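Chemist: Sharing work.cif (mmCIF, C-alpha atoms) below.
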data_upload
#
loop_
_atom_site.group_PDB
_atom_site.id
_atom_site.type_symbol
_atom_site.label_atom_id
_atom_site.label_comp_id
_atom_site.auth_asym_id
_atom_site.auth_seq_id
_atom_site.Cartn_x
_atom_site.Cartn_y
_atom_site.Cartn_z
ATOM 1 C CA MET A 1 -17.537 -72.408 48.265
ATOM 2 C CA ASP A 2 -16.636 -76.097 48.020
ATOM 3 C CA LEU A 3 -19.950 -77.884 48.585
ATOM 4 C CA THR A 4 -18.149 -81.190 49.137
ATOM 5 C CA ALA A 5 -16.395 -79.609 52.107
ATOM 6 C CA VAL A 6 -19.696 -78.125 53.316
ATOM 7 C CA ASN A 7 -21.334 -81.551 53.061
ATOM 8 C CA THR A 8 -18.435 -83.072 55.033
ATOM 9 C CA PHE A 9 -18.834 -80.407 57.727
ATOM 10 C CA VAL A 10 -22.556 -81.185 58.115
ATOM 11 C CA ALA A 11 -21.873 -84.939 58.133
ATOM 12 C CA ALA A 12 -19.291 -84.459 60.911
ATOM 13 C CA VAL A 13 -21.779 -82.431 62.967
ATOM 14 C CA ASP A 14 -24.512 -85.047 62.516
ATOM 15 C CA ALA A 15 -22.187 -87.987 63.255
ATOM 16 C CA GLY A 16 -20.512 -86.305 66.269
ATOM 17 C CA GLN A 17 -17.066 -87.622 65.310
ATOM 18 C CA PHE A 18 -14.827 -87.362 62.263
ATOM 19 C CA GLN A 19 -14.402 -91.149 62.292
ATOM 20 C CA GLU A 20 -18.159 -91.750 62.059
ATOM 21 C CA ALA A 21 -18.498 -89.063 59.406
ATOM 22 C CA ALA A 22 -15.779 -90.788 57.363
ATOM 23 C CA ILE A 23 -17.734 -94.056 57.497
ATOM 24 C CA ALA A 24 -20.948 -92.281 56.402
ATOM 25 C CA LEU A 25 -19.148 -90.592 53.513
ATOM 26 C CA SER A 26 -17.091 -93.653 52.531
ATOM 27 C CA VAL A 27 -13.796 -91.747 52.890
ATOM 28 C CA THR A 28 -10.895 -91.866 55.322
ATOM 29 C CA PRO A 29 -10.863 -89.848 58.584
ATOM 30 C CA GLN A 30 -7.854 -87.990 57.176
ATOM 31 C CA ALA A 31 -9.968 -86.909 54.170
ATOM 32 C CA VAL A 32 -12.651 -85.583 56.518
ATOM 33 C CA SER A 33 -10.081 -83.601 58.490
ATOM 34 C CA LYS A 34 -8.499 -82.212 55.320
ATOM 35 C CA ARG A 35 -11.827 -81.092 53.834
ATOM 36 C CA ILE A 36 -12.883 -79.328 57.012
ATOM 37 C CA ALA A 37 -9.462 -77.688 57.313
ATOM 38 C CA VAL A 38 -9.837 -76.332 53.757
ATOM 39 C CA LEU A 39 -13.313 -75.021 54.620
ATOM 40 C CA GLU A 40 -12.012 -73.341 57.789
ATOM 41 C CA ARG A 41 -9.209 -71.742 55.789
ATOM 42 C CA ASP A 42 -11.660 -70.443 53.166
ATOM 43 C CA LEU A 43 -13.960 -69.025 55.846
ATOM 44 C CA GLY A 44 -11.140 -67.700 57.985
ATOM 45 C CA VAL A 45 -12.608 -69.180 61.208
ATOM 46 C CA GLN A 46 -12.343 -72.364 63.227
ATOM 47 C CA LEU A 47 -15.483 -74.472 62.985
ATOM 48 C CA PHE A 48 -14.532 -77.248 65.401
ATOM 49 C CA SER A 49 -12.499 -77.352 68.579
ATOM 50 C CA ARG A 50 -10.643 -80.673 68.836
ATOM 51 C CA THR A 51 -10.754 -82.261 72.288
ATOM 52 C CA ALA A 52 -10.057 -85.644 73.777
ATOM 53 C CA ARG A 53 -13.769 -86.373 73.500
ATOM 54 C CA GLY A 54 -13.883 -85.549 69.833
ATOM 55 C CA ALA A 55 -14.708 -82.452 67.775
ATOM 56 C CA GLN A 56 -17.041 -79.835 69.219
ATOM 57 C CA LEU A 57 -18.615 -76.976 67.299
ATOM 58 C CA THR A 58 -17.202 -73.561 68.040
ATOM 59 C CA ILE A 59 -19.452 -70.494 68.211
ATOM 60 C CA ASP A 60 -18.551 -69.801 64.590
ATOM 61 C CA GLY A 61 -19.366 -73.409 63.701
ATOM 62 C CA GLN A 62 -22.775 -73.095 65.348
ATOM 63 C CA ALA A 63 -23.439 -69.882 63.425
ATOM 64 C CA PHE A 64 -22.381 -71.467 60.132
ATOM 65 C CA LEU A 65 -24.357 -74.729 60.534
ATOM 66 C CA PRO A 66 -27.857 -73.553 59.465
ATOM 67 C CA HIS A 67 -26.374 -71.800 56.445
ATOM 68 C CA ALA A 68 -24.427 -74.932 55.533
ATOM 69 C CA ARG A 69 -27.625 -76.984 55.607
ATOM 70 C CA ALA A 70 -29.365 -74.346 53.470
ATOM 71 C CA LEU A 71 -26.530 -74.479 50.931
ATOM 72 C CA LEU A 72 -26.933 -78.238 50.582
ATOM 73 C CA ARG A 73 -30.702 -77.925 50.183
ATOM 74 C CA ALA A 74 -30.143 -75.280 47.505
ATOM 75 C CA GLU A 75 -27.780 -77.640 45.704
ATOM 76 C CA GLU A 76 -30.465 -80.345 45.707
ATOM 77 C CA ARG A 77 -33.079 -77.935 44.367
ATOM 78 C CA ALA A 78 -30.721 -76.696 41.665
ATOM 79 C CA ALA A 79 -30.045 -80.236 40.472
ATOM 80 C CA ALA A 80 -33.755 -81.120 40.605
ATOM 81 C CA SER A 81 -34.654 -78.089 38.476
ATOM 82 C CA VAL A 82 -32.934 -79.646 35.459
ATOM 83 C CA CYS A 83 -33.528 -83.302 36.257
ATOM 84 C CA PRO A 84 -36.044 -84.642 33.707
ATOM 85 C CA SER A 85 -37.774 -86.798 36.316
ATOM 86 C CA SER A 86 -38.472 -83.909 38.669
ATOM 87 C CA ARG A 87 -38.742 -80.648 36.707
ATOM 88 C CA PRO A 88 -41.957 -79.533 34.948
ATOM 89 C CA LEU A 89 -42.601 -80.503 31.349
ATOM 90 C CA ARG A 90 -42.141 -77.255 29.379
ATOM 91 C CA VAL A 91 -44.561 -77.002 26.435
ATOM 92 C CA ASP A 92 -45.025 -74.095 24.021
ATOM 93 C CA VAL A 93 -48.411 -73.044 22.659
ATOM 94 C CA ILE A 94 -48.969 -70.106 20.311
ATOM 95 C CA GLY A 95 -51.701 -68.701 22.553
ATOM 96 C CA ARG A 96 -53.159 -69.683 25.898
ATOM 97 C CA GLN A 97 -56.718 -69.084 24.649
ATOM 98 C CA LEU A 98 -56.413 -71.326 21.600
ATOM 99 C CA SER A 99 -57.502 -74.931 21.179
ATOM 100 C CA LEU A 100 -54.004 -76.282 21.783
ATOM 101 C CA ALA A 101 -54.098 -74.964 25.328
ATOM 102 C CA GLY A 102 -57.299 -76.998 25.644
ATOM 103 C CA LEU A 103 -55.406 -80.100 24.527
ATOM 104 C CA LEU A 104 -52.877 -79.472 27.283
ATOM 105 C CA ARG A 105 -55.626 -78.999 29.857
ATOM 106 C CA GLY A 106 -57.062 -82.352 28.818
ATOM 107 C CA PHE A 107 -53.642 -83.945 29.246
ATOM 108 C CA HIS A 108 -53.264 -82.347 32.687
ATOM 109 C CA ARG A 109 -56.636 -83.717 33.792
ATOM 110 C CA SER A 110 -55.592 -87.194 32.658
ATOM 111 C CA HIS A 111 -52.064 -86.930 34.104
ATOM 112 C CA PRO A 112 -52.195 -84.674 37.187
ATOM 113 C CA ASP A 113 -48.881 -86.150 38.332
ATOM 114 C CA VAL A 114 -47.037 -84.508 35.393
ATOM 115 C CA GLU A 115 -46.262 -80.903 36.290
ATOM 116 C CA LEU A 116 -46.610 -78.546 33.329
ATOM 117 C CA ASP A 117 -44.867 -75.274 32.536
ATOM 118 C CA VAL A 118 -46.759 -73.651 29.629
ATOM 119 C CA VAL A 119 -44.940 -70.980 27.617
ATOM 120 C CA THR A 120 -45.875 -68.946 24.526
ATOM 121 C CA LEU A 121 -43.307 -68.384 21.785
ATOM 122 C CA PHE A 122 -44.165 -66.378 18.694
ATOM 123 C CA ASP A 123 -42.944 -68.182 15.602
ATOM 124 C CA SER A 124 -41.851 -71.660 14.569
ATOM 125 C CA ASP A 125 -38.168 -70.711 14.198
ATOM 126 C CA SER A 126 -38.040 -69.534 17.815
ATOM 127 C CA ALA A 127 -39.892 -72.632 18.992
ATOM 128 C CA ILE A 128 -37.601 -75.046 17.137
ATOM 129 C CA ALA A 129 -34.506 -73.243 18.430
ATOM 130 C CA ALA A 130 -35.901 -73.510 21.973
ATOM 131 C CA ILE A 131 -36.460 -77.255 21.549
ATOM 132 C CA ARG A 132 -32.923 -77.779 20.296
ATOM 133 C CA SER A 133 -31.417 -75.740 23.138
ATOM 134 C CA GLY A 134 -33.486 -77.548 25.775
ATOM 135 C CA THR A 135 -35.380 -74.417 26.816
ATOM 136 C CA ILE A 136 -38.657 -76.214 26.088
ATOM 137 C CA ASP A 137 -39.531 -79.885 25.691
ATOM 138 C CA ALA A 138 -42.196 -79.616 22.975
ATOM 139 C CA THR A 139 -44.182 -77.180 20.866
ATOM 140 C CA PHE A 140 -47.437 -77.206 18.897
ATOM 141 C CA ARG A 141 -46.924 -75.892 15.354
ATOM 142 C CA ALA A 142 -48.124 -76.194 11.762
ATOM 143 C CA VAL A 143 -44.741 -77.465 10.670
ATOM 144 C CA ALA A 144 -45.118 -78.181 6.968
ATOM 145 C CA MET A 145 -45.134 -74.535 5.888
ATOM 146 C CA PRO A 146 -43.160 -73.775 2.703
ATOM 147 C CA GLY A 147 -39.434 -73.439 3.190
ATOM 148 C CA LEU A 148 -39.390 -74.989 6.668
ATOM 149 C CA ARG A 149 -37.149 -78.031 7.011
ATOM 150 C CA LEU A 150 -37.047 -79.685 10.393
ATOM 151 C CA PRO A 151 -33.576 -80.513 11.760
ATOM 152 C CA ASP A 152 -32.700 -84.216 11.902
ATOM 153 C CA ASP A 153 -32.966 -84.263 15.697
ATOM 154 C CA ILE A 154 -36.554 -82.900 15.706
ATOM 155 C CA GLU A 155 -39.612 -85.108 15.217
ATOM 156 C CA ALA A 156 -43.196 -84.081 14.531
ATOM 157 C CA THR A 157 -46.528 -85.867 14.658
ATOM 158 C CA PRO A 158 -50.040 -84.605 13.784
ATOM 159 C CA VAL A 159 -52.279 -84.039 16.790
ATOM 160 C CA LEU A 160 -55.247 -81.957 15.604
ATOM 161 C CA ASP A 161 -56.842 -80.960 12.298
ATOM 162 C CA GLU A 162 -59.049 -78.092 13.381
ATOM 163 C CA PRO A 163 -61.979 -76.916 11.209
ATOM 164 C CA LEU A 164 -62.388 -73.195 10.579
ATOM 165 C CA HIS A 165 -65.479 -71.041 11.130
ATOM 166 C CA LEU A 166 -66.365 -67.730 9.554
ATOM 167 C CA PHE A 167 -66.902 -65.142 12.288
ATOM 168 C CA THR A 168 -69.234 -62.207 11.556
ATOM 169 C CA GLY A 169 -71.528 -59.614 13.070
ATOM 170 C CA ALA A 170 -75.328 -59.742 12.739
ATOM 171 C CA GLY A 171 -75.312 -57.331 9.786
ATOM 172 C CA HIS A 172 -72.972 -59.346 7.578
ATOM 173 C CA GLU A 173 -74.357 -60.925 4.405
ATOM 174 C CA PHE A 174 -73.586 -64.454 5.666
ATOM 175 C CA ALA A 175 -74.806 -63.895 9.246
ATOM 176 C CA ALA A 176 -77.997 -65.959 8.781
ATOM 177 C CA ALA A 177 -76.347 -68.836 6.897
ATOM 178 C CA ASP A 178 -76.168 -72.304 8.440
ATOM 179 C CA SER A 179 -72.852 -72.814 6.652
ATOM 180 C CA VAL A 180 -70.719 -71.175 3.979
ATOM 181 C CA THR A 181 -68.505 -72.711 1.318
ATOM 182 C CA PRO A 182 -65.007 -71.281 0.882
ATOM 183 C CA ALA A 183 -65.906 -70.551 -2.757
ATOM 184 C CA GLN A 184 -68.653 -68.160 -1.570
ATOM 185 C CA LEU A 185 -65.940 -65.960 -0.056
ATOM 186 C CA ALA A 186 -64.379 -65.241 -3.465
ATOM 187 C CA GLY A 187 -63.757 -61.538 -3.994
ATOM 188 C CA ARG A 188 -64.380 -60.718 -0.347
ATOM 189 C CA ARG A 189 -62.086 -59.404 2.382
ATOM 190 C CA ILE A 190 -61.255 -61.403 5.512
ATOM 191 C CA TRP A 191 -59.802 -59.238 8.265
ATOM 192 C CA MET A 192 -56.970 -60.869 10.255
ATOM 193 C CA PRO A 193 -54.746 -58.195 11.870
ATOM 194 C CA GLY A 194 -52.703 -60.877 13.653
ATOM 195 C CA ASN A 195 -51.713 -62.544 10.388
ATOM 196 C CA VAL A 196 -48.013 -61.693 10.561
ATOM 197 C CA SER A 197 -45.991 -62.380 7.419
ATOM 198 C CA GLY A 198 -43.478 -65.215 7.759
ATOM 199 C CA THR A 199 -45.420 -67.177 10.374
ATOM 200 C CA GLU A 200 -46.852 -70.635 9.838
ATOM 201 C CA TRP A 201 -50.412 -69.373 10.251
ATOM 202 C CA ALA A 202 -49.886 -66.610 7.663
ATOM 203 C CA ALA A 203 -48.617 -69.240 5.204
ATOM 204 C CA TYR A 204 -51.750 -71.300 5.809
ATOM 205 C CA TYR A 205 -54.227 -68.446 5.365
ATOM 206 C CA ASP A 206 -52.395 -67.099 2.314
ATOM 207 C CA ALA A 207 -52.719 -70.531 0.676
ATOM 208 C CA LEU A 208 -56.407 -70.679 1.619
ATOM 209 C CA ALA A 209 -57.064 -67.215 0.165
ATOM 210 C CA THR A 210 -55.255 -68.088 -3.072
ATOM 211 C CA ALA A 211 -57.162 -71.348 -3.440
ATOM 212 C CA PHE A 212 -60.607 -69.742 -3.113
ATOM 213 C CA GLY A 213 -60.063 -66.216 -4.448
ATOM 214 C CA PHE A 214 -60.580 -64.010 -1.434
ATOM 215 C CA THR A 215 -58.233 -61.510 0.254
ATOM 216 C CA ILE A 216 -56.616 -61.667 3.685
ATOM 217 C CA ASP A 217 -56.445 -58.145 5.090
ATOM 218 C CA SER A 218 -53.827 -57.941 7.842
ATOM 219 C CA ILE A 219 -53.950 -54.157 8.257
ATOM 220 C CA GLY A 220 -53.749 -53.485 11.983
ATOM 221 C CA PRO A 221 -52.690 -52.735 14.500
ATOM 222 C CA ASP A 222 -53.531 -55.959 16.331
ATOM 223 C CA PHE A 223 -54.947 -54.920 19.716
ATOM 224 C CA GLY A 224 -56.024 -58.442 20.686
ATOM 225 C CA ILE A 225 -59.249 -60.400 20.710
ATOM 226 C CA GLU A 226 -61.587 -57.950 22.493
ATOM 227 C CA PRO A 227 -61.094 -55.006 20.075
ATOM 228 C CA LEU A 228 -61.423 -57.478 17.193
ATOM 229 C CA LEU A 229 -64.794 -58.659 18.580
ATOM 230 C CA ASP A 230 -65.952 -55.044 18.924
ATOM 231 C CA THR A 231 -65.024 -54.223 15.326
ATOM 232 C CA ILE A 232 -66.572 -57.361 13.821
ATOM 233 C CA ALA A 233 -69.784 -56.913 15.823
ATOM 234 C CA ASN A 234 -70.265 -53.375 14.493
ATOM 235 C CA SER A 235 -69.428 -54.108 10.847
ATOM 236 C CA SER A 236 -71.627 -55.355 8.018
ATOM 237 C CA THR A 237 -68.657 -56.043 5.727
ATOM 238 C CA LEU A 238 -65.809 -57.357 7.895
ATOM 239 C CA ALA A 239 -65.455 -61.023 8.775
ATOM 240 C CA THR A 240 -62.623 -63.096 10.160
ATOM 241 C CA PHE A 241 -61.760 -66.740 10.746
ATOM 242 C CA VAL A 242 -61.750 -68.547 14.080
ATOM 243 C CA SER A 243 -60.947 -72.171 14.771
ATOM 244 C CA GLU A 244 -63.793 -74.452 15.756
ATOM 245 C CA GLN A 245 -62.438 -75.184 19.251
ATOM 246 C CA THR A 246 -61.214 -71.671 20.093
ATOM 247 C CA PRO A 247 -63.228 -70.533 23.141
ATOM 248 C CA LEU A 248 -64.688 -67.054 22.712
ATOM 249 C CA VAL A 249 -66.894 -65.072 25.091
ATOM 250 C CA TRP A 250 -68.342 -61.741 24.029
ATOM 251 C CA PRO A 251 -70.659 -59.131 25.592
ATOM 252 C CA ALA A 252 -74.385 -59.818 25.405
ATOM 253 C CA GLY A 253 -74.875 -56.808 23.143
ATOM 254 C CA HIS A 254 -72.522 -58.219 20.513
ATOM 255 C CA ASP A 255 -74.708 -60.312 18.215
ATOM 256 C CA LEU A 256 -71.809 -62.282 16.749
ATOM 257 C CA ARG A 257 -72.065 -65.408 14.610
ATOM 258 C CA ARG A 258 -69.814 -68.447 14.128
ATOM 259 C CA ILE A 259 -70.609 -70.025 10.775
ATOM 260 C CA PRO A 260 -69.092 -73.409 9.798
ATOM 261 C CA LEU A 261 -67.180 -73.577 6.525
ATOM 262 C CA ARG A 262 -68.136 -76.641 4.477
ATOM 263 C CA GLY A 263 -67.767 -78.007 0.989
ATOM 264 C CA PRO A 264 -64.849 -78.388 1.600
ATOM 265 C CA THR A 265 -64.054 -77.684 5.251
ATOM 266 C CA PRO A 266 -60.684 -75.955 5.687
ATOM 267 C CA VAL A 267 -58.777 -77.550 8.558
ATOM 268 C CA TYR A 268 -55.720 -76.108 10.269
ATOM 269 C CA PRO A 269 -53.051 -78.825 10.767
ATOM 270 C CA HIS A 270 -51.523 -78.773 14.253
ATOM 271 C CA SER A 271 -48.520 -80.994 15.063
ATOM 272 C CA LEU A 272 -46.429 -81.668 18.160
ATOM 273 C CA LEU A 273 -42.650 -81.191 17.805
ATOM 274 C CA TRP A 274 -39.970 -82.509 20.163
ATOM 275 C CA ARG A 275 -36.283 -83.427 20.197
ATOM 276 C CA THR A 276 -35.653 -87.117 19.635
ATOM 277 C CA ASP A 277 -33.205 -87.489 22.535
ATOM 278 C CA ASN A 278 -35.343 -85.654 25.127
ATOM 279 C CA PRO A 279 -35.446 -87.912 28.248
ATOM 280 C CA HIS A 280 -38.312 -86.216 30.131
ATOM 281 C CA PRO A 281 -40.769 -88.975 31.160
ATOM 282 C CA GLY A 282 -43.697 -86.570 30.875
ATOM 283 C CA LEU A 283 -43.006 -86.141 27.158
ATOM 284 C CA ASP A 284 -43.775 -89.810 26.445
ATOM 285 C CA ALA A 285 -46.996 -89.474 28.434
ATOM 286 C CA LEU A 286 -47.996 -86.355 26.467
ATOM 287 C CA ARG A 287 -47.311 -87.994 23.120
ATOM 288 C CA ALA A 288 -49.287 -91.100 24.087
ATOM 289 C CA HIS A 289 -52.208 -88.968 25.268
ATOM 290 C CA LEU A 290 -52.283 -86.950 22.038
ATOM 291 C CA ARG A 291 -52.042 -90.097 19.894
ATOM 292 C CA SER A 292 -55.046 -91.609 21.649
ATOM 293 C CA ALA A 293 -57.040 -88.363 21.382
ATOM 294 C CA TYR A 294 -56.266 -87.706 17.675
ATOM 295 C CA PRO A 295 -59.151 -89.008 15.564
ATOM 296 C CA GLY A 296 -57.114 -88.919 12.378
ATOM 297 C CA ARG A 297 -57.884 -86.891 9.289
ATOM 298 C CA PRO A 298 -61.233 -87.769 7.682
ATOM 299 C CA ASP A 299 -61.416 -88.912 4.065
ATOM 300 C CA GLY A 300 -62.553 -86.221 1.664
ATOM 301 C CA GLY A 301 -64.571 -83.115 2.321
ATOM 302 C CA ILE A 302 -61.683 -81.122 3.802
ATOM 303 C CA TRP A 303 -59.094 -78.678 2.512
ATOM 304 C CA THR A 304 -55.494 -78.166 3.569
ATOM 305 C CA PRO A 305 -52.572 -76.606 1.697
ATOM 306 C CA LYS A 306 -50.580 -78.966 -0.500
ATOM 307 C CA TRP A 307 -47.631 -78.649 1.887
ATOM 308 C CA ALA A 308 -49.774 -79.912 4.795
ATOM 309 C CA GLN A 309 -51.403 -82.863 3.054
ATOM 310 C CA ARG A 310 -50.713 -86.414 4.136
ATOM 311 C CA PRO A 311 -50.955 -89.449 1.833
ATOM 312 C CA GLY A 312 -54.156 -91.465 1.730
ATOM 313 C CA ASN A 313 -56.619 -88.928 3.144
ATOM 314 C CA GLY A 314 -58.299 -87.725 -0.044
ATOM 315 C CA GLN A 315 -58.272 -84.080 0.929
ATOM 316 C CA GLU A 316 -58.744 -81.441 -1.732
ATOM 317 C CA ALA A 317 -55.659 -79.745 -3.087
ATOM 318 C CA GLY A 318 -54.731 -76.282 -1.912
#
Before we go any further, please render this structure as structure tokens.

Modeler:
Amino acid sequence: MDLTAVNTFVAAVDAGQFQEAAIALSVTPQAVSKRIAVLERDLGVQLFSRTARGAQLTIDGQAFLPHARALLRAEERAAASVCPSSRPLRVDVIGRQLSLAGLLRGFHRSHPDVELDVVTLFDSDSAIAAIRSGTIDATFRAVAMPGLRLPDDIEATPVLDEPLHLFTGAGHEFAAADSVTPAQLAGRRIWMPGNVSGTEWAAYYDALATAFGFTIDSIGPDFGIEPLLDTIANSSTLATFVSEQTPLVWPAGHDLRRIPLRGPTPVYPHSLLWRTDNPHPGLDALRAHLRSAYPGRPDGGIWTPKWAQRPGNGQEAG
């Protein structure tokens, strides 16, 4: 249905005369008459009866009027859904329970006027493709993984270098330690069933394991966080890694331990990615918020893979 003709019909009803409708629409009265005639032909009914006093709605015109107004409102909503100034800012996080979701919550508290649509995509390739297609506005990723080259129209900036903790049950050999060095893990097995080959996080943990001589065991299946907590709590040999800011709640009977890794501290490098020509005003606000919240990478005492290192920070090689 020609929405221009529908809009002309509603304008004629509201104005009461074709002449007044023409003035409101900045067209000629003949154009108003022609548009309405086309609409009547398409509908197969007469919408107005022409009299000496002007145009009056017929019974069919009265029946069509509320639907015509609804069509125009739907058109406005459809346009608004893709208008950068009115649609939500669509941001991808790997998991809603991870620290990056916390960064977004902090942004939302600081900018309640920016509506957010949070999505979860699995891997960096999918996330980058979604940015380029306009499906999402930004994503949080560890983007420097080997073999990954960002397209020219994608930018990235560091937003969080998150320290790792060793996560064990009460019977594990390191359960009573105040901290553990990565070198102390040499020869041991770290259980990470969600460490899927080809992902940016698998590349990170593989580099960490190689650097310090331990093994990442990804034998699954991965049933999620609660079964993982159950297994770790009941084991004296299994341990896993969790990020410092990842919120975890476990049953009172699970005597679980989070043990900082130090000397050096492995940090996971999170970055924000976005398309350079993205016009959404909320994206600038998000980037500014993350820049102000990012403390920068400390000098020395930390470990990241060689492919994630940035000049001038003195981090240890991976």

Chemist: As a check of understanding, name the residues that the PyMOL selection byres ((chain A and resi 214-223) around 10) selects in the supplied structure, as a PyMOL selection string.

Modeler: chain A and resi 182-197+202+205-206+208-213+224-228+238+240

Chemist: Residues near A:Asp284, anyone? I mean within 12 Å using only C-alpha atoms, not counting same-chain ones fewer than 5 positions away, as a PyMOL selection string.

Modeler: chain A and resi 84-85+89+107+111+114+137-138+272+274-279+289-291

Chemist: Can those selected residues be exported to a file as a PDB file, keeping the file's coordinate frame so that it contains C-alpha atoms?

Modeler:
ATOM      1  CA  PRO A  84     -36.044 -84.642  33.707  1.00  0.00           C
ATOM      2  CA  SER A  85     -37.774 -86.798  36.316  1.00  0.00           C
ATOM      3  CA  LEU A  89     -42.601 -80.503  31.349  1.00  0.00           C
ATOM      4  CA  PHE A 107     -53.642 -83.945  29.246  1.00  0.00           C
ATOM      5  CA  HIS A 111     -52.064 -86.930  34.104  1.00  0.00           C
ATOM      6  CA  VAL A 114     -47.037 -84.508  35.393  1.00  0.00           C
ATOM      7  CA  ASP A 137     -39.531 -79.885  25.691  1.00  0.00           C
ATOM      8  CA  ALA A 138     -42.196 -79.616  22.975  1.00  0.00           C
ATOM      9  CA  LEU A 272     -46.429 -81.668  18.160  1.00  0.00           C
ATOM     10  CA  TRP A 274     -39.970 -82.509  20.163  1.00  0.00           C
ATOM     11  CA  ARG A 275     -36.283 -83.427  20.197  1.00  0.00           C
ATOM     12  CA  THR A 276     -35.653 -87.117  19.635  1.00  0.00           C
ATOM     13  CA  ASP A 277     -33.205 -87.489  22.535  1.00  0.00           C
ATOM     14  CA  ASN A 278     -35.343 -85.654  25.127  1.00  0.00           C
ATOM     15  CA  PRO A 279     -35.446 -87.912  28.248  1.00  0.00           C
ATOM     16  CA  HIS A 289     -52.208 -88.968  25.268  1.00  0.00           C
ATOM     17  CA  LEU A 290     -52.283 -86.950  22.038  1.00  0.00           C
ATOM     18  CA  ARG A 291     -52.042 -90.097  19.894  1.00  0.00           C
TER      19      ARG A 291
END

Chemist: On this file, the PyMOL selection byres ((chain A and resi 67-78) around 10) gives some set of residues; write that set as a PyMOL selection string.

Modeler: chain A and resi 1+3-7+9-10+61-66+79-83+86-87

Chemist: Expand the PyMOL selection byres ((chain A and resi 176) around 12) into the explicit residue set it covers here, and present it as a list in words.

Modeler: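 Those residues are Leu166, Phe167, Thr168, Gly169, Ala170, Gly171, His172, Glu173, Phe174, Ala175, Ala177, Asp178, Ser179, Val180, Asp255, Leu256, Arg257, Arg258, Ile259 and Pro260 of chain A.
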
Chemist: Quick one, how far is atom CA of A:Pro163 from atom CA of A:Trp303?

Modeler: 9.3 Å

Chemist: State, in Å with one decimal place, the distance from atom CA of A:Asp161 to atom CA of A:Pro295.

Modeler: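 Calculated distance between atom CA of A:Asp161 and atom CA of A:Pro295 is 9.0 Å.
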
Chemist: Near A:Thr181, within 7 Å and counting all atoms listed in the file, which residues show up once chain neighbours fewer than 4 positions away are dropped, as a ChimeraX atom specification?

Modeler: /A:261-264

Chemist: Around (-52.5, -69.8, 19.7) in the file's own coordinates, what residues are found within 10 Å if you use only C-alpha atoms, given back as JSON, numbers by chain?

Modeler: {"A": [92, 93, 94, 95, 96, 97, 98, 99, 100, 101, 120, 121, 122, 140, 141, 201, 246]}

Chemist: Enter the distance from atom CA of A:Val267 to atom CA of A:Pro158, in Å, rounded to one decimal.

Modeler: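 That distance, rounded to one decimal, is 12.4 Å.
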
Chemist: Counting only C-alpha atoms, which of A:Val91, A:Ala288, A:Leu160, A:Ile154 gets nearest to A:Thr135?

Modeler: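 So, comparing all the options, the nearest one is A:Val91.
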
Chemist: Find the residues around A:Arg50 up to 12 Å (only C-alpha atoms counted), leave out those fewer than 4 positions away in its own chain, and share them as a list in words.

Modeler: Gly16, Gln17, Phe18, Ser33, Ala37, Gln46, Gly54, Ala55, Gln56, Leu57 and Thr58 of chain A
